[in-house]
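Just below is one structure, and these are the notes that go with it.
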Amino acid sequence: MKFNTAIVFLLFYVVSCSDSNSTDKVEDEEVIETPETPTEEPEEEPEVTWKTIPVPAEAGEGNVWEFQNMSDSFDYEAEAANKGAEFDAKWTDFYHNQWSGPGLTEWKRDHSLVKDGYLQMVASRVPNSNKIHLGCITSKEQVIYPVYIEAYVKIANTTLASDVWLLSSDDTQEIDIVEAYGASYSELAQADQTWYAERIHLSHHMFIREPFQDYQPTDAGSWYKDEVGTLWREDFHRVGVYWRDPFHLEYYINGELVRTTSGAEMIDPNNYADGEGLSKPMDIIINAEDQTWRSDKNITPSDAELANKENNTFKVDWIRIFKPVKAD
């Protein structure tokens with residue numbers, strides 16, 4: 001018994017010393033902290049503005065796009081009755097001649113204004129008439145190819161046309177950037193209008209005025225509809241045209257190429273321009289209108305529809321113009 005007890009006591013002593021030494025060693029060791037590696041703050045990307053959204057069209061080999069000062073952000077106030085100097089510097093407060101408009105349209109200066117950052121074209125009934133007062137403005141400078149023009153627009157929820165277009169001084173050449181009809185139903189015609197509400201008309205015209213003749217493409221692509229059936233009145237959309245040369249047009253919606261018309265057979269198959277194509281300087285016109293080909297079918301707003309001012313207001317957030325120039 002004494003022998004065994006001695007052995008147990010010896011083992012206990014060895015183990016106890018070992019544990020004690022191990023604990024002391026850990027407590028005596030210096031803890032070295034690894035310094036954290038400083039992290040670099042990511043560089044902030046420059047804010048994308050209406051000027052710096054990339055132009056979706058190709059400027060051509062060796063060229064870059066140059067912003068034109070005739071562009072307008074509409075970030076100012078221009079009252080309907082008195083537009084003010086900033087508006088007047090770029091726009092004439094009417095159509096580009098004294099014509100008051102097609103069909104039931106009666107353009108009136110106090111039916112266009114700039115408010116809340118938008119150019120707004122409003123509609124109202126002409127008193128004691130079936131006609132409609134609407135807004136129309138014209139650029140003071142003209143554009144000529146090669147040029148890219150793009151507007152950020154919200155189509156009005158109405159059977160009226162919401163338009164951004166180009167027209168030569170003699171009214172013989174026209175390029176339609178935006179021509180759209182937002183309403184899905186016509187109360188007076190009692191007719192569904194969804195086909196038009198889902199489409200934007202992307203086209204051009206070649207005219208002879210005496211005797212009057214009018215050519216425009218009639219292919220299905222001239223009425224653009226996207227895959228999901230977007231109702232264009234529900235939000236703002238970028239719509240642009242690249243007028244590259246007299247025989248080439250490219251149409252862009254929200255930065256995507258959606259239509260190209262190119263060559264004499266598409267641009268001027270009847271040779272109304274004597275082989276010159278779309279070659280004349282043009283005014284930029286922004287307006288709303290009641291077009292005869294629709295009002296003749298009673299597709300025109302009722303008094304009840306016109307009472308909803310928001311539905312009958314065409315809005316333009318901005319319009320920008322770029323020219324291709326040689327890179328430095």
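Quick note on naming: the chains in the structure tokens go A, B, ... in the order shown, residues restart at 1 in each chain, and ligands are numbered from 1 in order of appearance.
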Query raised in the report: Could you name the residues that touch Gly263 in chain A at 10 Å or less, counting only C-alpha atoms, but leaving out those on the same chain fewer than 6 positions away, as a list in words?
Result: Pro246, Phe247, His248, Leu249, Pro269 and Gly277 of chain A
May I have the selected residues written with C-alpha atoms, as a PDB file, in the first residue's frame?
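Printed below is part39.pdb as written:
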```pdb
ATOM      1  CA  PRO A 246     -29.802  62.703 -96.730  1.00  0.00           C
ATOM      2  CA  PHE A 247     -30.480  58.994 -97.217  1.00  0.00           C
ATOM      3  CA  HIS A 248     -29.953  57.481 -93.767  1.00  0.00           C
ATOM      4  CA  LEU A 249     -31.978  57.777 -90.537  1.00  0.00           C
ATOM      5  CA  PRO A 269     -38.685  56.677-103.863  1.00  0.00           C
ATOM      6  CA  GLY A 277     -33.048  63.334-100.209  1.00  0.00           C
TER       7      GLY A 277
END
```
Determine, for each residue of range 112-151 of chain A having at least one atom at most 12 Å from an atom of range 232-239 of chain A, the closest pair of atoms and their separation in Å to one decimal, counting only C-alpha atoms; order by chain and ascending number, as a Markdown table.
```
| residue | atom | partner | partner_atom | distance |
| --- | --- | --- | --- | --- |
| A:Tyr118 | CA | A:Phe236 | CA | 11.2 |
| A:Tyr148 | CA | A:Val239 | CA | 10.7 |
| A:Ile149 | CA | A:Val239 | CA | 8.5 |
| A:Glu150 | CA | A:Val239 | CA | 5.5 |
| A:Ala151 | CA | A:Val239 | CA | 5.6 |
```
Take the residues that were just selected and, keeping all heavy atoms, output them as a PDB file, in the first residue's frame.
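Output (again-v5.pdb):
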```pdb
ATOM      1  N   TYR A 118     -40.140  70.779 -66.461  1.00  0.00           N
ATOM      2  CA  TYR A 118     -40.653  70.187 -67.691  1.00  0.00           C
ATOM      3  C   TYR A 118     -41.226  71.246 -68.621  1.00  0.00           C
ATOM      4  O   TYR A 118     -41.931  72.164 -68.163  1.00  0.00           O
ATOM      5  CB  TYR A 118     -41.781  69.186 -67.406  1.00  0.00           C
ATOM      6  CG  TYR A 118     -41.431  68.100 -66.426  1.00  0.00           C
ATOM      7  CD1 TYR A 118     -42.141  67.971 -65.235  1.00  0.00           C
ATOM      8  CD2 TYR A 118     -40.396  67.200 -66.692  1.00  0.00           C
ATOM      9  CE1 TYR A 118     -41.831  66.969 -64.329  1.00  0.00           C
ATOM     10  CE2 TYR A 118     -40.078  66.201 -65.788  1.00  0.00           C
ATOM     11  CZ  TYR A 118     -40.797  66.082 -64.608  1.00  0.00           C
ATOM     12  OH  TYR A 118     -40.484  65.097 -63.711  1.00  0.00           O
ATOM     13  N   TYR A 148     -27.486  64.247 -84.128  1.00  0.00           N
ATOM     14  CA  TYR A 148     -28.271  63.351 -83.283  1.00  0.00           C
ATOM     15  C   TYR A 148     -29.127  64.212 -82.371  1.00  0.00           C
ATOM     16  O   TYR A 148     -28.630  65.113 -81.685  1.00  0.00           O
ATOM     17  CB  TYR A 148     -27.379  62.434 -82.441  1.00  0.00           C
ATOM     18  CG  TYR A 148     -28.180  61.488 -81.564  1.00  0.00           C
ATOM     19  CD1 TYR A 148     -28.768  60.348 -82.106  1.00  0.00           C
ATOM     20  CD2 TYR A 148     -28.381  61.758 -80.209  1.00  0.00           C
ATOM     21  CE1 TYR A 148     -29.525  59.487 -81.321  1.00  0.00           C
ATOM     22  CE2 TYR A 148     -29.128  60.897 -79.418  1.00  0.00           C
ATOM     23  CZ  TYR A 148     -29.698  59.764 -79.977  1.00  0.00           C
ATOM     24  OH  TYR A 148     -30.454  58.926 -79.195  1.00  0.00           O
ATOM     25  N   ILE A 149     -30.435  63.942 -82.351  1.00  0.00           N
ATOM     26  CA  ILE A 149     -31.383  64.700 -81.537  1.00  0.00           C
ATOM     27  C   ILE A 149     -32.169  63.720 -80.682  1.00  0.00           C
ATOM     28  O   ILE A 149     -32.686  62.714 -81.190  1.00  0.00           O
ATOM     29  CB  ILE A 149     -32.348  65.513 -82.416  1.00  0.00           C
ATOM     30  CG1 ILE A 149     -31.566  66.416 -83.364  1.00  0.00           C
ATOM     31  CG2 ILE A 149     -33.307  66.345 -81.550  1.00  0.00           C
ATOM     32  CD1 ILE A 149     -32.406  66.996 -84.472  1.00  0.00           C
ATOM     33  N   GLU A 150     -32.247  63.992 -79.385  1.00  0.00           N
ATOM     34  CA  GLU A 150     -32.926  63.077 -78.466  1.00  0.00           C
ATOM     35  C   GLU A 150     -33.713  63.882 -77.442  1.00  0.00           C
ATOM     36  O   GLU A 150     -33.232  64.890 -76.924  1.00  0.00           O
ATOM     37  CB  GLU A 150     -31.908  62.191 -77.765  1.00  0.00           C
ATOM     38  CG  GLU A 150     -32.514  61.123 -76.869  1.00  0.00           C
ATOM     39  CD  GLU A 150     -31.453  60.201 -76.301  1.00  0.00           C
ATOM     40  OE1 GLU A 150     -30.563  60.693 -75.564  1.00  0.00           O
ATOM     41  OE2 GLU A 150     -31.504  58.998 -76.581  1.00  0.00           O
ATOM     42  N   ALA A 151     -34.931  63.423 -77.163  1.00  0.00           N
ATOM     43  CA  ALA A 151     -35.777  64.062 -76.156  1.00  0.00           C
ATOM     44  C   ALA A 151     -36.224  63.020 -75.141  1.00  0.00           C
ATOM     45  O   ALA A 151     -36.393  61.840 -75.465  1.00  0.00           O
ATOM     46  CB  ALA A 151     -36.990  64.713 -76.811  1.00  0.00           C
TER      47      ALA A 151
END
```
Query raised in the report: If you count only C-alpha atoms, which residues fall within 10 Å of Phe87 in chain A, apart from same-chain ones fewer than 3 positions away, as a PyMOL selection string?
Result: chain A and resi 72+74+76-79+82-84+90-93+113-114
With N, CA, C and O atoms kept, could you save the residues just selected as a PDB file, in the first residue's frame?
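Saved as part.pdb:
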```
ATOM      1  N   ASP A  72     -31.789  71.993 -74.540  1.00  0.00           N
ATOM      2  CA  ASP A  72     -32.491  72.665 -73.443  1.00  0.00           C
ATOM      3  C   ASP A  72     -32.880  71.650 -72.370  1.00  0.00           C
ATOM      4  O   ASP A  72     -33.511  70.632 -72.665  1.00  0.00           O
ATOM      5  N   PHE A  74     -34.779  72.598 -69.725  1.00  0.00           N
ATOM      6  CA  PHE A  74     -36.047  73.095 -69.168  1.00  0.00           C
ATOM      7  C   PHE A  74     -36.017  73.171 -67.639  1.00  0.00           C
ATOM      8  O   PHE A  74     -37.050  73.044 -66.987  1.00  0.00           O
ATOM      9  N   TYR A  76     -35.927  75.634 -65.685  1.00  0.00           N
ATOM     10  CA  TYR A  76     -36.227  77.024 -65.354  1.00  0.00           C
ATOM     11  C   TYR A  76     -37.745  77.185 -65.421  1.00  0.00           C
ATOM     12  O   TYR A  76     -38.461  76.240 -65.782  1.00  0.00           O
ATOM     13  N   GLU A  77     -38.226  78.343 -65.066  1.00  0.00           N
ATOM     14  CA  GLU A  77     -39.661  78.600 -65.105  1.00  0.00           C
ATOM     15  C   GLU A  77     -39.972  79.511 -66.293  1.00  0.00           C
ATOM     16  O   GLU A  77     -39.269  80.503 -66.521  1.00  0.00           O
ATOM     17  N   ALA A  78     -41.014  79.162 -67.055  1.00  0.00           N
ATOM     18  CA  ALA A  78     -41.487  79.997 -68.151  1.00  0.00           C
ATOM     19  C   ALA A  78     -43.007  79.986 -68.104  1.00  0.00           C
ATOM     20  O   ALA A  78     -43.641  78.992 -68.473  1.00  0.00           O
ATOM     21  N   GLU A  79     -43.565  81.071 -67.617  1.00  0.00           N
ATOM     22  CA  GLU A  79     -45.011  81.136 -67.466  1.00  0.00           C
ATOM     23  C   GLU A  79     -45.701  81.101 -68.822  1.00  0.00           C
ATOM     24  O   GLU A  79     -45.158  81.561 -69.830  1.00  0.00           O
ATOM     25  N   ASN A  82     -46.103  84.596 -70.290  1.00  0.00           N
ATOM     26  CA  ASN A  82     -44.869  85.359 -70.489  1.00  0.00           C
ATOM     27  C   ASN A  82     -43.690  84.433 -70.246  1.00  0.00           C
ATOM     28  O   ASN A  82     -43.278  84.221 -69.116  1.00  0.00           O
ATOM     29  N   LYS A  83     -43.115  83.883 -71.299  1.00  0.00           N
ATOM     30  CA  LYS A  83     -42.120  82.812 -71.164  1.00  0.00           C
ATOM     31  C   LYS A  83     -40.795  83.291 -70.579  1.00  0.00           C
ATOM     32  O   LYS A  83     -40.086  82.518 -69.945  1.00  0.00           O
ATOM     33  N   GLY A  84     -40.414  84.522 -70.825  1.00  0.00           N
ATOM     34  CA  GLY A  84     -39.175  85.031 -70.245  1.00  0.00           C
ATOM     35  C   GLY A  84     -37.965  84.858 -71.147  1.00  0.00           C
ATOM     36  O   GLY A  84     -37.993  84.161 -72.169  1.00  0.00           O
ATOM     37  N   LYS A  90     -34.008  80.529 -76.991  1.00  0.00           N
ATOM     38  CA  LYS A  90     -33.903  79.305 -77.797  1.00  0.00           C
ATOM     39  C   LYS A  90     -35.159  78.968 -78.595  1.00  0.00           C
ATOM     40  O   LYS A  90     -35.077  78.190 -79.562  1.00  0.00           O
ATOM     41  N   TRP A  91     -36.303  79.519 -78.193  1.00  0.00           N
ATOM     42  CA  TRP A  91     -37.570  79.062 -78.766  1.00  0.00           C
ATOM     43  C   TRP A  91     -38.436  80.227 -79.222  1.00  0.00           C
ATOM     44  O   TRP A  91     -38.483  81.270 -78.585  1.00  0.00           O
ATOM     45  N   THR A  92     -39.145  79.999 -80.333  1.00  0.00           N
ATOM     46  CA  THR A  92     -40.249  80.852 -80.749  1.00  0.00           C
ATOM     47  C   THR A  92     -41.526  80.237 -80.205  1.00  0.00           C
ATOM     48  O   THR A  92     -41.755  79.035 -80.375  1.00  0.00           O
ATOM     49  N   ASP A  93     -42.349  81.043 -79.577  1.00  0.00           N
ATOM     50  CA  ASP A  93     -43.522  80.535 -78.869  1.00  0.00           C
ATOM     51  C   ASP A  93     -44.707  80.333 -79.824  1.00  0.00           C
ATOM     52  O   ASP A  93     -45.801  80.852 -79.615  1.00  0.00           O
ATOM     53  N   LEU A 113     -45.807  75.960 -71.562  1.00  0.00           N
ATOM     54  CA  LEU A 113     -45.143  76.572 -70.414  1.00  0.00           C
ATOM     55  C   LEU A 113     -44.016  75.661 -69.942  1.00  0.00           C
ATOM     56  O   LEU A 113     -43.967  74.484 -70.325  1.00  0.00           O
ATOM     57  N   VAL A 114     -43.142  76.206 -69.118  1.00  0.00           N
ATOM     58  CA  VAL A 114     -42.089  75.416 -68.475  1.00  0.00           C
ATOM     59  C   VAL A 114     -42.290  75.531 -66.979  1.00  0.00           C
ATOM     60  O   VAL A 114     -42.246  76.633 -66.416  1.00  0.00           O
TER      61      VAL A 114
END
```
Query - Residues near Ala327 in chain A, cut-off 6 Å, only C-alpha atoms, skip fewer than 4 positions along chain, as a ChimeraX atom specification - result: /A:62-64
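Remark: for Trp107 in chain A, the closest of the candidate residues A:Ala288, A:Ala189, A:Ile200, A:Ala57 is A:Ala288 (distances computed over only C-alpha atoms).
For the set A:Glu256, A:Thr159, A:Glu250, A:Trp223, the residue with the smallest atom-to-atom gap to Ala191 in chain A is A:Thr159, counting only C-alpha atoms.
Note that CA of Trp165 in chain A and CA of Ile177 in chain A are 5.2 Å apart.
For Asn308 in chain A, the list of residues within 10 Å, based on only C-alpha atoms and with local chain neighbours fewer than 4 positions off taken out, reads Ala123, Ser124, Asn157, Thr158, Asp303, Ala304, Asn312 and Thr313 of chain A.
Proximity ranking of A:Gln68, A:Thr230, A:Ser302, A:Thr292 relative to Val147 in chain A places A:Gln68 first, based on only C-alpha atoms.
Of the listed residues A:Phe207, A:Phe314, A:Phe67, A:Trp293, the one whose atoms come nearest to Leu134 in chain A is A:Phe314, with distances taken using only C-alpha atoms.
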